[in-house]
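Coordinates as given in query30.txt (compact mmCIF, C-alpha atoms):
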# COMPACT_ATOMS: atom_id res chain seq x y z
CA MET A 1 -24.79 18.48 10.76
CA GLU A 2 -27.02 21.19 12.28
CA ASN A 3 -27.62 18.86 15.19
CA ILE A 4 -23.89 18.43 15.76
CA GLU A 5 -23.35 22.16 15.80
CA THR A 6 -25.95 22.80 18.51
CA LYS A 7 -24.56 19.98 20.61
CA LEU A 8 -21.02 21.16 20.01
CA ARG A 9 -21.87 24.65 21.25
CA GLU A 10 -23.59 23.24 24.31
CA VAL A 11 -20.61 21.07 25.15
CA ALA A 12 -18.20 23.96 24.55
CA LYS A 13 -20.23 26.29 26.75
CA GLY A 14 -20.35 23.72 29.51
CA LEU A 15 -16.62 23.09 29.40
CA LEU A 16 -15.75 26.76 29.41
CA SER A 17 -18.11 27.74 32.22
CA GLU A 18 -17.00 24.81 34.36
CA LYS A 19 -13.40 25.93 33.68
CA LYS A 20 -12.49 22.48 32.51
CA VAL A 21 -10.71 24.05 29.57
CA ASP A 22 -9.15 27.48 29.13
CA VAL A 23 -9.64 27.76 25.43
CA ILE A 24 -11.35 25.75 22.73
CA ILE A 25 -9.97 25.51 19.25
CA GLY A 26 -12.74 25.05 16.73
CA TYR A 27 -14.06 26.36 13.48
CA GLU A 28 -16.15 29.45 12.84
CA LYS A 29 -17.88 30.67 9.71
CA GLY A 30 -15.39 31.95 7.19
CA THR A 31 -15.43 35.40 5.63
CA LEU A 32 -16.16 33.97 2.20
CA PRO A 33 -19.32 31.99 1.45
CA LEU A 34 -19.02 28.24 1.93
CA THR A 35 -15.90 28.43 4.03
CA ALA A 36 -14.97 27.86 7.63
CA THR A 37 -11.91 29.09 9.43
CA PRO A 38 -10.16 27.98 12.64
CA CYS A 39 -11.01 30.04 15.70
CA PHE A 40 -10.22 30.24 19.40
CA VAL A 41 -13.02 30.41 21.92
CA ALA A 42 -12.14 31.49 25.44
CA THR A 43 -15.50 32.49 26.95
CA PRO A 44 -18.86 30.67 27.06
CA GLU A 45 -20.52 33.57 25.22
CA GLU A 46 -18.22 33.16 22.25
CA ALA A 47 -19.07 29.48 21.94
CA ASP A 48 -22.06 30.34 19.78
CA LYS A 49 -19.85 31.09 16.86
CA LEU A 50 -18.56 27.52 16.67
CA VAL A 51 -19.53 25.60 13.57
CA PHE A 52 -18.80 22.17 12.21
CA ASN A 53 -19.67 21.42 8.63
CA GLU A 54 -18.34 20.21 5.30
CA PHE A 55 -16.22 23.31 4.86
CA CYS A 56 -13.95 22.80 7.84
CA THR A 57 -10.70 21.84 6.16
CA GLN A 58 -7.74 22.57 8.39
CA ASN A 59 -6.33 20.10 10.86
CA LEU A 60 -6.70 21.79 14.25
CA ALA A 61 -4.00 19.71 15.93
CA LYS A 62 -1.53 22.22 14.50
CA PHE A 63 -3.03 24.99 16.63
CA VAL A 64 -2.97 22.82 19.73
CA HIS A 65 0.76 22.43 19.35
CA ASP A 66 1.19 26.15 18.68
CA LEU A 67 -0.80 27.12 21.77
CA VAL A 68 0.99 24.65 24.02
CA THR A 69 4.38 25.92 22.86
CA GLN A 70 3.29 29.50 23.29
CA HIS A 71 1.99 28.86 26.79
CA ARG A 72 5.14 27.03 27.78
CA GLU A 73 7.24 29.97 26.57
CA SER A 74 5.11 32.41 28.54
CA GLN A 75 5.60 30.40 31.74
CA LYS A 76 9.35 30.15 31.44
CA ARG A 77 10.15 33.24 33.48
CA VAL A 78 7.42 32.64 36.04
CA LYS A 79 8.34 31.22 39.44
CA PRO A 80 7.61 27.47 39.47
CA GLU A 81 4.97 27.81 42.22
CA ASP A 82 3.16 30.53 40.25
CA ARG A 83 3.05 28.67 36.97
CA LYS A 84 -0.38 28.24 35.52
CA LYS A 85 -1.70 25.20 33.80
CA LYS A 86 -3.56 25.65 30.59
CA VAL A 87 -5.93 23.05 29.25
CA ILE A 88 -6.68 23.31 25.58
CA GLY A 89 -9.93 21.99 24.21
CA VAL A 90 -9.98 21.00 20.60
CA VAL A 91 -12.75 20.06 18.20
CA ALA A 92 -11.23 17.05 16.52
CA ARG A 93 -12.33 14.79 13.73
CA GLY A 94 -10.58 11.51 12.92
CA CYS A 95 -7.50 12.93 11.23
CA ALA A 96 -6.99 15.59 13.91
CA THR A 97 -7.09 12.96 16.66
CA ARG A 98 -4.47 11.00 14.75
CA SER A 99 -2.26 14.07 14.72
CA LEU A 100 -2.88 14.58 18.43
CA ILE A 101 -1.83 10.97 19.03
CA ILE A 102 1.37 11.62 17.09
CA HIS A 103 2.06 14.70 19.24
CA LEU A 104 1.40 12.72 22.41
CA GLN A 105 3.61 9.85 21.28
CA GLU A 106 6.35 12.29 20.40
CA ARG A 107 6.02 13.73 23.92
CA GLN A 108 5.04 17.19 22.84
CA TYR A 109 2.57 17.60 25.69
CA GLU A 110 0.71 15.50 28.20
CA ARG A 111 -2.69 13.94 27.73
CA GLU A 112 -4.19 16.08 30.51
CA ASP A 113 -3.06 19.26 28.75
CA ILE A 114 -5.69 18.73 26.10
CA TYR A 115 -9.38 18.02 26.08
CA ILE A 116 -10.64 16.39 22.92
CA ILE A 117 -14.15 17.08 21.70
CA GLY A 118 -14.59 14.36 19.11
CA VAL A 119 -16.77 14.94 16.07
CA PRO A 120 -17.70 12.45 13.37
CA CYS A 121 -16.70 13.45 9.87
CA GLU A 122 -17.99 12.56 6.44
CA GLY A 123 -15.35 14.43 4.50
CA TYR A 124 -14.84 18.04 3.64
CA VAL A 125 -15.22 19.98 0.42
CA ASP A 126 -12.07 20.36 -1.61
CA ARG A 127 -12.00 24.03 -2.60
CA LYS A 128 -9.90 23.35 -5.68
CA LYS A 129 -12.32 20.67 -6.87
CA LEU A 130 -15.23 23.02 -6.23
CA THR A 131 -13.60 25.87 -8.18
CA LYS A 132 -13.02 23.45 -11.03
CA ALA A 133 -16.62 22.26 -10.95
CA LEU A 134 -17.74 25.90 -11.19
CA ASP A 135 -15.26 26.65 -14.01
CA GLY A 136 -13.49 29.18 -11.86
CA ALA A 137 -16.55 31.39 -11.26
CA ASP A 138 -16.63 33.36 -8.00
CA ILE A 139 -18.95 32.03 -5.32
CA LEU A 140 -21.32 34.76 -4.15
CA GLU A 141 -23.66 32.73 -2.01
CA GLY A 142 -24.18 29.11 -1.27
CA SER A 143 -26.10 26.64 0.81
CA LEU A 144 -26.13 22.92 1.37
CA GLU A 145 -29.38 21.04 1.08
CA SER A 146 -29.62 17.26 1.29
CA GLY A 147 -26.28 16.51 -0.34
CA GLN A 148 -26.58 19.21 -2.99
CA LEU A 149 -24.60 22.44 -2.96
CA LYS A 150 -26.75 25.26 -4.30
CA ILE A 151 -24.40 28.00 -5.32
CA LYS A 152 -24.96 31.47 -6.67
CA THR A 153 -21.88 32.33 -8.71
CA SER A 154 -20.72 35.23 -10.82
CA ALA A 155 -21.66 33.08 -13.84
CA GLY A 156 -25.17 32.20 -12.71
CA ASP A 157 -26.74 29.67 -10.37
CA LYS A 158 -25.26 26.20 -10.15
CA THR A 159 -25.95 22.99 -8.29
CA VAL A 160 -23.11 20.65 -7.43
CA ALA A 161 -23.47 17.28 -5.75
CA LEU A 162 -21.54 17.24 -2.50
CA LYS A 163 -20.06 13.82 -3.18
CA ASP A 164 -18.41 15.14 -6.36
CA VAL A 165 -16.42 17.77 -4.52
CA VAL A 166 -15.38 15.89 -1.40
CA ALA A 167 -11.60 15.99 -0.99
CA PRO A 168 -9.81 12.90 -2.38
CA ASN A 169 -8.24 12.11 0.98
CA CYS A 170 -11.67 12.04 2.65
CA VAL A 171 -13.14 9.66 0.09
CA VAL A 172 -10.66 6.94 1.07
CA CYS A 173 -10.43 7.86 4.76
CA ARG A 174 -9.94 4.97 7.18
CA PHE A 175 -10.37 6.95 10.38
CA ASN A 176 -13.26 9.37 9.93
CA ASN A 177 -14.33 8.93 13.54
CA PRO A 178 -12.14 10.16 16.40
CA ILE A 179 -9.74 7.54 17.72
CA ILE A 180 -9.40 9.12 21.14
CA SER A 181 -11.77 11.64 22.69
CA ASP A 182 -12.87 12.95 26.07
CA VAL A 183 -16.35 13.69 24.90
CA MET A 184 -18.05 12.66 21.71
CA VAL A 185 -20.50 14.93 19.91
CA GLY A 186 -22.92 13.27 17.53
CA SER A 187 -23.15 9.64 16.54
CA PRO A 188 -20.32 7.90 14.67
CA ALA A 189 -20.23 8.55 10.94
CA ALA A 190 -20.55 5.78 8.39
CA ALA A 191 -17.26 4.25 7.28
CA MET A 192 -15.69 5.42 4.02
CA ASP A 193 -14.36 3.09 1.38
CA PRO A 194 -10.55 2.90 1.56
CA SER A 195 -10.21 0.13 -1.07
CA THR A 196 -8.93 2.49 -3.77
CA GLU A 197 -6.56 4.27 -1.40
CA TYR A 198 -3.29 3.35 -3.12
CA ASP A 199 -4.50 2.92 -6.70
CA LYS A 200 -2.76 6.04 -7.96
CA VAL A 201 0.45 5.21 -6.15
CA VAL A 202 0.55 1.69 -7.59
CA GLU A 203 -0.02 3.13 -11.03
CA PHE A 204 2.72 5.71 -10.55
CA GLU A 205 5.17 3.08 -9.28
CA LYS A 206 4.82 1.19 -12.55
CA LYS A 207 6.02 4.16 -14.58
CA ASP A 208 9.53 4.45 -15.93
CA ILE A 209 12.10 6.14 -13.68
CA ALA A 210 12.64 8.99 -16.17
CA GLU A 211 8.90 9.57 -16.32
CA ARG A 212 8.67 9.63 -12.52
CA TRP A 213 11.48 12.14 -12.29
CA ALA A 214 9.92 14.30 -15.00
CA TYR A 215 6.66 14.38 -13.03
CA PHE A 216 8.43 15.26 -9.79
CA ALA A 217 10.42 18.03 -11.47
CA LYS A 218 7.29 19.38 -13.16
CA GLU A 219 5.30 19.44 -9.92
CA MET A 220 8.08 21.00 -7.90
CA GLU A 221 8.55 23.69 -10.52
CA LYS A 222 5.15 25.03 -9.46
CA CYS A 223 6.28 25.42 -5.84
CA ILE A 224 6.99 29.02 -4.83
CA ARG A 225 8.48 28.11 -1.45
CA CYS A 226 5.77 29.96 0.46
CA ASN A 227 6.02 27.27 3.16
CA ALA A 228 2.24 27.17 3.55
CA CYS A 229 2.33 23.35 3.51
CA ARG A 230 4.78 23.33 6.38
CA GLN A 231 2.83 25.91 8.38
CA ALA A 232 -0.42 23.98 7.98
CA CYS A 233 1.01 20.56 8.73
CA PRO A 234 0.45 19.35 12.31
CA SER A 235 3.50 17.11 12.06
CA CYS A 236 5.76 20.02 11.08
CA TYR A 237 6.45 21.61 14.42
CA CYS A 238 10.24 21.87 14.68
CA PRO A 239 11.17 25.15 16.44
CA THR A 240 13.69 25.70 13.65
CA CYS A 241 12.86 24.05 10.38
CA PHE A 242 15.76 22.54 8.43
CA ALA A 243 14.82 24.90 5.61
CA GLU A 244 15.79 27.89 7.74
CA GLN A 245 18.85 26.50 9.45
CA SER A 246 22.00 28.28 8.44
CA GLN A 247 24.62 26.24 10.26
CA PRO A 248 24.71 24.04 8.31
CA GLN A 249 22.52 25.29 5.53
CA TRP A 250 20.80 22.16 4.29
CA VAL A 251 18.90 23.84 1.52
CA GLY A 252 19.15 27.21 -0.23
CA ILE A 253 16.35 29.72 0.30
CA GLY A 254 16.20 30.88 -3.30
CA GLU A 255 14.02 29.81 -6.15
CA ASP A 256 16.59 27.52 -7.74
CA GLU A 257 14.80 24.39 -8.90
CA SER A 258 17.20 22.12 -7.04
CA ASP A 259 16.48 23.96 -3.78
CA THR A 260 12.76 23.54 -4.23
CA GLN A 261 13.18 19.86 -5.00
CA VAL A 262 15.42 19.30 -2.00
CA PHE A 263 13.07 21.19 0.31
CA GLN A 264 10.00 19.28 -0.80
CA CYS A 265 11.82 15.96 -0.85
CA MET A 266 13.05 16.45 2.70
CA ARG A 267 9.75 17.70 4.04
CA LEU A 268 7.94 14.77 2.48
CA TYR A 269 10.46 12.30 3.81
CA HIS A 270 10.00 13.67 7.34
CA MET A 271 6.44 12.41 7.11
CA VAL A 272 7.32 8.73 7.34
CA GLY A 273 4.90 7.34 9.90
CA ARG A 274 3.65 10.85 10.65
CA CYS A 275 1.40 11.86 7.77
CA VAL A 276 -2.25 11.30 8.62
CA ASP A 277 -3.52 12.29 5.17
CA CYS A 278 -5.59 15.16 6.57
CA GLY A 279 -5.06 17.11 3.36
CA SER A 280 -4.22 20.38 5.14
CA CYS A 281 -1.02 20.94 3.17
CA ILE A 282 -2.81 20.30 -0.11
CA SER A 283 -5.72 22.56 0.68
CA VAL A 284 -3.46 25.50 1.58
CA CYS A 285 -1.09 25.11 -1.37
CA PRO A 286 -1.68 28.16 -3.58
CA MET A 287 -0.01 26.53 -6.57
CA GLY A 288 -1.75 23.16 -6.45
CA VAL A 289 1.39 21.03 -6.16
CA ASP A 290 0.52 17.33 -6.17
CA LEU A 291 1.92 16.54 -2.75
CA ARG A 292 -0.53 13.78 -2.06
CA ASN A 293 1.01 11.50 -4.67
CA TYR A 294 4.18 11.43 -2.57
CA LEU A 295 2.62 11.48 0.87
CA LYS A 296 0.46 8.51 -0.04
CA LYS A 297 3.51 6.59 -1.21
CA ILE A 298 5.17 7.23 2.14
CA ASP A 299 2.03 6.06 3.89
CA LYS A 300 1.90 2.93 1.75
CA ASP A 301 5.57 2.07 2.33
CA CYS A 302 5.18 2.64 6.01
CA PHE A 303 2.34 0.17 6.15
CA GLU A 304 3.99 -2.38 3.87
CA LEU A 305 7.39 -2.25 5.56
CA PHE A 306 6.50 -1.67 9.18
CA GLY A 307 2.82 -2.52 9.35
CA SER A 308 1.77 0.69 10.99
CA ARG A 309 -0.52 3.56 10.14
CA ALA A 310 0.40 6.97 11.47
CA GLY A 311 -1.35 7.84 14.72
CA SER A 312 -3.84 5.01 14.47
CA SER A 313 -3.55 4.00 18.12
CA MET A 314 -2.11 5.33 21.36
CA GLU A 315 -0.41 2.03 22.18
CA ASP A 316 1.32 1.53 18.85
CA MET A 317 4.75 3.20 18.92
CA PRO A 318 5.72 5.40 15.96
CA PRO A 319 7.23 3.15 13.26
CA LEU A 320 10.57 4.93 13.25
CA GLY A 321 10.83 4.69 17.02
CA LYS A 322 10.96 0.90 17.17
CA TYR A 323 12.12 -2.07 15.18
CA SER A 324 11.10 -5.62 14.60
CA GLU A 325 13.16 -8.71 13.88
CA GLN A 326 10.91 -9.37 10.93
CA ASP A 327 11.93 -6.15 9.17
CA LYS A 328 13.06 -6.73 5.60
CA GLU A 329 16.79 -6.48 5.01
CA ASP A 330 16.88 -6.40 1.23
CA PHE A 331 18.01 -2.77 1.19
CA ILE A 332 21.28 -3.47 3.00
CA PHE A 333 24.31 -3.24 0.76
CA ASN A 334 26.27 -6.46 0.87
CA PRO A 335 28.78 -6.80 -1.97
CA MET B 1 15.69 2.43 13.60
CA ALA B 2 18.34 3.63 11.19
CA ARG B 3 17.56 0.60 9.08
CA ARG B 4 13.90 1.56 8.96
CA LYS B 5 14.77 5.08 7.90
CA PHE B 6 16.99 3.80 5.13
CA ALA B 7 14.46 1.27 3.93
CA ALA B 8 11.87 4.03 3.60
CA LEU B 9 14.32 6.53 2.10
CA LYS B 10 15.49 4.16 -0.61
CA ARG B 11 11.97 3.42 -1.71
CA PHE B 12 10.98 7.07 -1.59
CA LEU B 13 13.95 8.22 -3.68
CA ASN B 14 13.18 5.55 -6.25
CA TYR B 15 9.59 6.70 -6.33
CA ILE B 16 10.37 10.35 -7.03
CA GLY B 17 12.71 9.23 -9.80
CA MET B 18 16.13 9.55 -8.18
CA GLU B 19 18.25 6.43 -8.46
CA GLY B 20 17.63 4.78 -5.12
CA ASP B 21 20.68 2.60 -5.78
CA ARG B 22 22.88 5.54 -4.94
CA THR B 23 21.81 5.19 -1.36
CA MET B 24 23.83 2.36 0.12
CA PHE B 25 23.64 1.19 3.67
CA THR B 26 25.51 -1.50 5.53
CA TRP B 27 27.19 -2.30 8.80
CA ILE B 28 30.95 -2.67 9.15
CA SER B 29 32.74 -3.16 12.42
CA ALA B 30 35.97 -1.28 13.16
CA SER B 31 37.78 -4.61 13.15
CA GLU B 32 36.57 -5.66 9.72
CA GLY B 33 39.24 -4.05 7.55
CA GLU B 34 38.90 -6.49 4.72
CA ARG B 35 35.17 -6.19 4.61
CA PHE B 36 35.47 -2.40 4.57
CA ALA B 37 37.67 -2.59 1.48
CA GLN B 38 35.24 -5.00 -0.13
CA VAL B 39 32.26 -2.73 0.55
CA ILE B 40 33.99 0.38 -0.77
CA LYS B 41 34.99 -1.51 -3.92
CA GLY B 42 31.36 -2.47 -4.32
CA VAL B 43 30.22 1.13 -3.80
CA THR B 44 32.63 2.55 -6.37
CA ALA B 45 31.71 -0.15 -8.88
CA LYS B 46 28.02 0.63 -8.42
CA VAL B 47 28.47 4.38 -8.69
CA LYS B 48 30.64 3.98 -11.80
CA ALA B 49 27.93 1.88 -13.38
CA LEU B 50 25.31 4.53 -12.61
CA GLY B 51 27.44 7.37 -13.98
CA PRO B 52 27.43 10.96 -12.74
CA ALA B 53 24.43 12.18 -10.78
CA ASN B 54 22.57 14.97 -12.50
CA LYS B 55 19.45 15.36 -10.41
CA MET B 56 18.99 17.92 -7.63
CA ILE B 57 22.32 19.48 -8.56
CA LYS B 58 22.59 23.18 -7.91
CA LYS B 59 24.36 25.10 -10.64
CA ILE B 60 26.22 28.05 -9.17
CA GLY B 61 27.42 30.94 -11.29
Please go through the file and, once you have read it, give me the structure as structure tokens.
Amino acid sequence: MENIETKLREVAKGLLSEKKVDVIIGYEKGTLPLTATPCFVATPEEADKLVFNEFCTQNLAKFVHDLVTQHRESQKRVKPEDRKKKVIGVVARGCATRSLIIHLQERQYEREDIYIIGVPCEGYVDRKKLTKALDGADILEGSLESGQLKIKTSAGDKTVALKDVVAPNCVVCRFNNPIISDVMVGSPAAAMDPSTEYDKVVEFEKKDIAERWAYFAKEMEKCIRCNACRQACPSCYCPTCFAEQSQPQWVGIGEDESDTQVFQCMRLYHMVGRCVDCGSCISVCPMGVDLRNYLKKIDKDCFELFGSRAGSSMEDMPPLGKYSEQDKEDFIFNP
Amino acid sequence: MARRKFAALKRFLNYIGMEGDRTMFTWISASEGERFAQVIKGVTAKVKALGPANKMIKKIG
């Protein structure tokens, strides 16, 4: 990974000094040990702070959309001939490029508005899994050496194997290499094993309906409606979210359990053909709601019913934007 | 496209434990009066069989 970082900085410096991009969205070292946080780099000098490692969790496509929207707003009151173009560079792994494809297919911005610096990915560390492996002890210092995380915690030194704390969505990732990119940094990563991808969903489907509802109600009870999942999700970019609309008010803003259930149900359902399983929503959830169980089901249905995987190719239209004569019709009510 | 949305919605509602059968979807032309009556009869029969909905209901007061 060290090699990738040096190359990444070189590429970023080059792009910024040649003015090919105005800003690069990447990751920098986080304030806590063993973390990384999204950052914006606008000058070649700043490019040295870029990192890319196993602790980069968030999907950066979200920030691309935010910046594009912001720039567009700022140019609204400028005379058309004085309007500036802004090219946004983004450090993107497989899942981020899928999200970018979704944005492009949904006509959020043009291909030339972004510059994709593709990076191979072998999965990131799931913070919740790591905390569990350390029995909740605070991490004071840590380093990664040949697949082993050596961590100094408040409860003594510990060693954790990296493969034990890789996020569950990364373990079964199908697209860990960028699908589209303008420049590739590093050599392609080895493929992951997606064979067990839907195991949990299949198991859950077999349960009794009352049991399924009980699980949904139990999980949603944890939700505190902080909206972190929505803010982190690259596919959630509506200028006004249905949760905040007041005319009509689709869902109450309180903590009533039915409101929480409706909010989560609707947000999840909006992910049909749009969830790339990047795990951003899960990693930011402060309450540890099991969202993935539902997102994976949506992903599975989407593939089974329409034969498409979200953002897997530029040519393939979004599944809800087209139809096929072979679509199943067993859901149509015909008394 | 609407049909795709409904196909996915029905499955999803079933998965979270709502009765997906409450979601009914069909096409009726403005000229098909008889068919409309037939469909509505079917809908009411189905809903009666399922009984009152008690999930995701907001209790006010």
- Message: Using only C-alpha atoms for the distances, tell me which of A:Lys322, A:Lys132, A:Lys76, A:Lys200 is nearest to B:Lys5.
- Response: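 Between A:Lys322, A:Lys132, A:Lys76, A:Lys200, the residue approaching B:Lys5 most closely is A:Lys322.
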- Message: With 8 Å as the limit and counting only C-alpha atoms, what residues in chain B lie close to chain A? Please list them as a PyMOL selection string.
- Response: chain B and resi 1+4-12+14-18+24-26+38-39+42+55-58
Create the file for the chosen residues now, containing C-alpha atoms and written as a tab-separated table (two decimals), keeping the file's coordinate frame.
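Now in selection11.tsv:
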chain	number	residue	atom	x	y	z
B	1	MET	CA	15.69	2.43	13.60
B	4	ARG	CA	13.90	1.56	8.96
B	5	LYS	CA	14.77	5.08	7.90
B	6	PHE	CA	16.99	3.80	5.13
B	7	ALA	CA	14.46	1.27	3.93
B	8	ALA	CA	11.87	4.03	3.60
B	9	LEU	CA	14.32	6.53	2.10
B	10	LYS	CA	15.49	4.16	-0.61
B	11	ARG	CA	11.97	3.42	-1.71
B	12	PHE	CA	10.98	7.07	-1.59
B	14	ASN	CA	13.18	5.55	-6.25
B	15	TYR	CA	9.59	6.70	-6.33
B	16	ILE	CA	10.37	10.35	-7.03
B	17	GLY	CA	12.71	9.23	-9.80
B	18	MET	CA	16.13	9.55	-8.18
B	24	MET	CA	23.83	2.36	0.12
B	25	PHE	CA	23.64	1.19	3.67
B	26	THR	CA	25.51	-1.50	5.53
B	38	GLN	CA	35.24	-5.00	-0.13
B	39	VAL	CA	32.26	-2.73	0.55
B	42	GLY	CA	31.36	-2.47	-4.32
B	55	LYS	CA	19.45	15.36	-10.41
B	56	MET	CA	18.99	17.92	-7.63
B	57	ILE	CA	22.32	19.48	-8.56
B	58	LYS	CA	22.59	23.18	-7.91
- Of the candidates A:Gly136, A:Pro248, A:Gly89, A:Gly94, which one gets nearest to A:Asp182 if we count all atoms listed in the file?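 Closest to A:Asp182 of all the choices is A:Gly89.
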- Message: When you look at A:Glu112 with a cut-off of 12 Å (counting all atoms listed in the file), what residues show up, excluding the ones that are within fewer than 5 positions of it in the same chain? I need them as a PyMOL selection string.
- Response: chain A and resi 20-21+68+85-89+104+181-182
- Query: In Å, with one decimal, what is the gap from atom CA of A:Ser17 to atom CA of A:Glu45?
  - Reply: 9.4 Å
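One finds atom CA of A:Arg107 at 16.0 Å from atom CA of A:Gln70.
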- Find the spatial neighbours of A:Val11, counting all atoms listed in the file, within a cut-off of 10 Å - ignore same-chain residues fewer than 2 positions away - and output them as a list in words.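 The filter keeps Glu5, Thr6, Lys7, Leu8, Arg9, Lys13, Gly14, Leu15, Leu16, Pro44, Ala47, Ile117, Val183, Met184 and Val185 of chain A.
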- Straight-line distance linking atom CA of A:Lys152 with atom CA of A:Arg127, stated in Å to one decimal: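 Computing it gives 15.5 Å between the two atoms.
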Got a sec to check which residues sit within 8 Å of (-26.2, 21.9, -4.3), counting all atoms listed in the file, and write them as a CSV table (one decimal) with C-alpha atoms, in the frame of the given file?
chain,number,residue,atom,x,y,z
A,143,SER,CA,-26.1,26.6,0.8
A,144,LEU,CA,-26.1,22.9,1.4
A,145,GLU,CA,-29.4,21.0,1.1
A,147,GLY,CA,-26.3,16.5,-0.3
A,148,GLN,CA,-26.6,19.2,-3.0
A,149,LEU,CA,-24.6,22.4,-3.0
A,150,LYS,CA,-26.8,25.3,-4.3
A,151,ILE,CA,-24.4,28.0,-5.3
A,158,LYS,CA,-25.3,26.2,-10.2
A,159,THR,CA,-26.0,23.0,-8.3
A,160,VAL,CA,-23.1,20.6,-7.4
A,161,ALA,CA,-23.5,17.3,-5.8
A,162,LEU,CA,-21.5,17.2,-2.5
With 3 Å on each side, where is the centre of the axis-aligned box around all listed atoms of stretch 184-193 of chain A, and how long are its edges in Å to one decimal, as JSON?
{"center_x": -18.8, "center_y": 9.0, "center_z": 11.5, "size_x": 14.8, "size_y": 17.8, "size_z": 26.3}
- Query: Which polymer residues have any atom within 8 Å of an atom of A:Ile102, counting only C-alpha atoms, with same-chain residues fewer than 2 positions away left out, as a PyMOL selection string?
  - Reply: chain A and resi 98-100+104-106+235+274+310-311+318
Selection near A:Asn169, 8 Å with all atoms listed in the file, sequence-local residues under 4 positions removed, as a PDB file with C-alpha atoms, keeping the file's coordinate frame:
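Result written to part_13.pdb:
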ATOM      1  CA  CYS A 173     -10.430   7.860   4.760  1.00  0.00           C
ATOM      2  CA  ASP A 277      -3.520  12.290   5.170  1.00  0.00           C
ATOM      3  CA  CYS A 278      -5.590  15.160   6.570  1.00  0.00           C
ATOM      4  CA  GLY A 279      -5.060  17.110   3.360  1.00  0.00           C
TER       5      GLY A 279
END
Give as a PDB file with C-alpha atoms, in the frame of the given file each residue that has an atom at most 9 Å from (22.3, 6.9, -6.3) in the file, counting all atoms listed in the file.
ATOM      1  CA  LEU B  13      13.950   8.220  -3.680  1.00  0.00           C
ATOM      2  CA  MET B  18      16.130   9.550  -8.180  1.00  0.00           C
ATOM      3  CA  GLU B  19      18.250   6.430  -8.460  1.00  0.00           C
ATOM      4  CA  GLY B  20      17.630   4.780  -5.120  1.00  0.00           C
ATOM      5  CA  ASP B  21      20.680   2.600  -5.780  1.00  0.00           C
ATOM      6  CA  ARG B  22      22.880   5.540  -4.940  1.00  0.00           C
ATOM      7  CA  THR B  23      21.810   5.190  -1.360  1.00  0.00           C
ATOM      8  CA  MET B  24      23.830   2.360   0.120  1.00  0.00           C
ATOM      9  CA  LYS B  46      28.020   0.630  -8.420  1.00  0.00           C
ATOM     10  CA  VAL B  47      28.470   4.380  -8.690  1.00  0.00           C
ATOM     11  CA  LEU B  50      25.310   4.530 -12.610  1.00  0.00           C
ATOM     12  CA  ALA B  53      24.430  12.180 -10.780  1.00  0.00           C
TER      13      ALA B  53
END
Would you mind putting N, CA and C atoms back on stretch 37-48 of chain B and writing the result as a PDB file, in the frame of the given file?
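The resulting file, part37.pdb, is shown below:
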ATOM      1  N   ALA B  37      37.118  -2.736   2.827  1.00  0.00           N
ATOM      2  CA  ALA B  37      37.670  -2.590   1.480  1.00  0.00           C
ATOM      3  C   ALA B  37      36.714  -3.166   0.445  1.00  0.00           C
ATOM      4  N   GLN B  38      36.162  -4.303   0.779  1.00  0.00           N
ATOM      5  CA  GLN B  38      35.240  -5.000  -0.130  1.00  0.00           C
ATOM      6  C   GLN B  38      33.992  -4.152  -0.393  1.00  0.00           C
ATOM      7  N   VAL B  39      33.472  -3.557   0.689  1.00  0.00           N
ATOM      8  CA  VAL B  39      32.260  -2.730   0.550  1.00  0.00           C
ATOM      9  C   VAL B  39      32.551  -1.495  -0.299  1.00  0.00           C
ATOM     10  N   ILE B  40      33.667  -0.841  -0.015  1.00  0.00           N
ATOM     11  CA  ILE B  40      33.990   0.380  -0.770  1.00  0.00           C
ATOM     12  C   ILE B  40      34.206   0.056  -2.241  1.00  0.00           C
ATOM     13  N   LYS B  41      34.821  -1.089  -2.522  1.00  0.00           N
ATOM     14  CA  LYS B  41      34.990  -1.510  -3.920  1.00  0.00           C
ATOM     15  C   LYS B  41      33.618  -1.670  -4.568  1.00  0.00           C
ATOM     16  N   GLY B  42      32.722  -2.272  -3.806  1.00  0.00           N
ATOM     17  CA  GLY B  42      31.360  -2.470  -4.320  1.00  0.00           C
ATOM     18  C   GLY B  42      30.671  -1.136  -4.580  1.00  0.00           C
ATOM     19  N   VAL B  43      30.858  -0.195  -3.665  1.00  0.00           N
ATOM     20  CA  VAL B  43      30.220   1.130  -3.800  1.00  0.00           C
ATOM     21  C   VAL B  43      30.742   1.827  -5.048  1.00  0.00           C
ATOM     22  N   THR B  44      32.071   1.846  -5.202  1.00  0.00           N
ATOM     23  CA  THR B  44      32.630   2.550  -6.370  1.00  0.00           C
ATOM     24  C   THR B  44      32.180   1.876  -7.667  1.00  0.00           C
ATOM     25  N   ALA B  45      32.148   0.561  -7.666  1.00  0.00           N
ATOM     26  CA  ALA B  45      31.710  -0.150  -8.880  1.00  0.00           C
ATOM     27  C   ALA B  45      30.277   0.236  -9.223  1.00  0.00           C
ATOM     28  N   LYS B  46      29.427   0.307  -8.198  1.00  0.00           N
ATOM     29  CA  LYS B  46      28.020   0.630  -8.420  1.00  0.00           C
ATOM     30  C   LYS B  46      27.847   2.053  -8.923  1.00  0.00           C
ATOM     31  N   VAL B  47      28.587   2.973  -8.308  1.00  0.00           N
ATOM     32  CA  VAL B  47      28.470   4.380  -8.690  1.00  0.00           C
ATOM     33  C   VAL B  47      29.002   4.581 -10.112  1.00  0.00           C
ATOM     34  N   LYS B  48      30.092   3.887 -10.442  1.00  0.00           N
ATOM     35  CA  LYS B  48      30.640   3.980 -11.800  1.00  0.00           C
ATOM     36  C   LYS B  48      29.623   3.495 -12.815  1.00  0.00           C
TER      37      LYS B  48
END
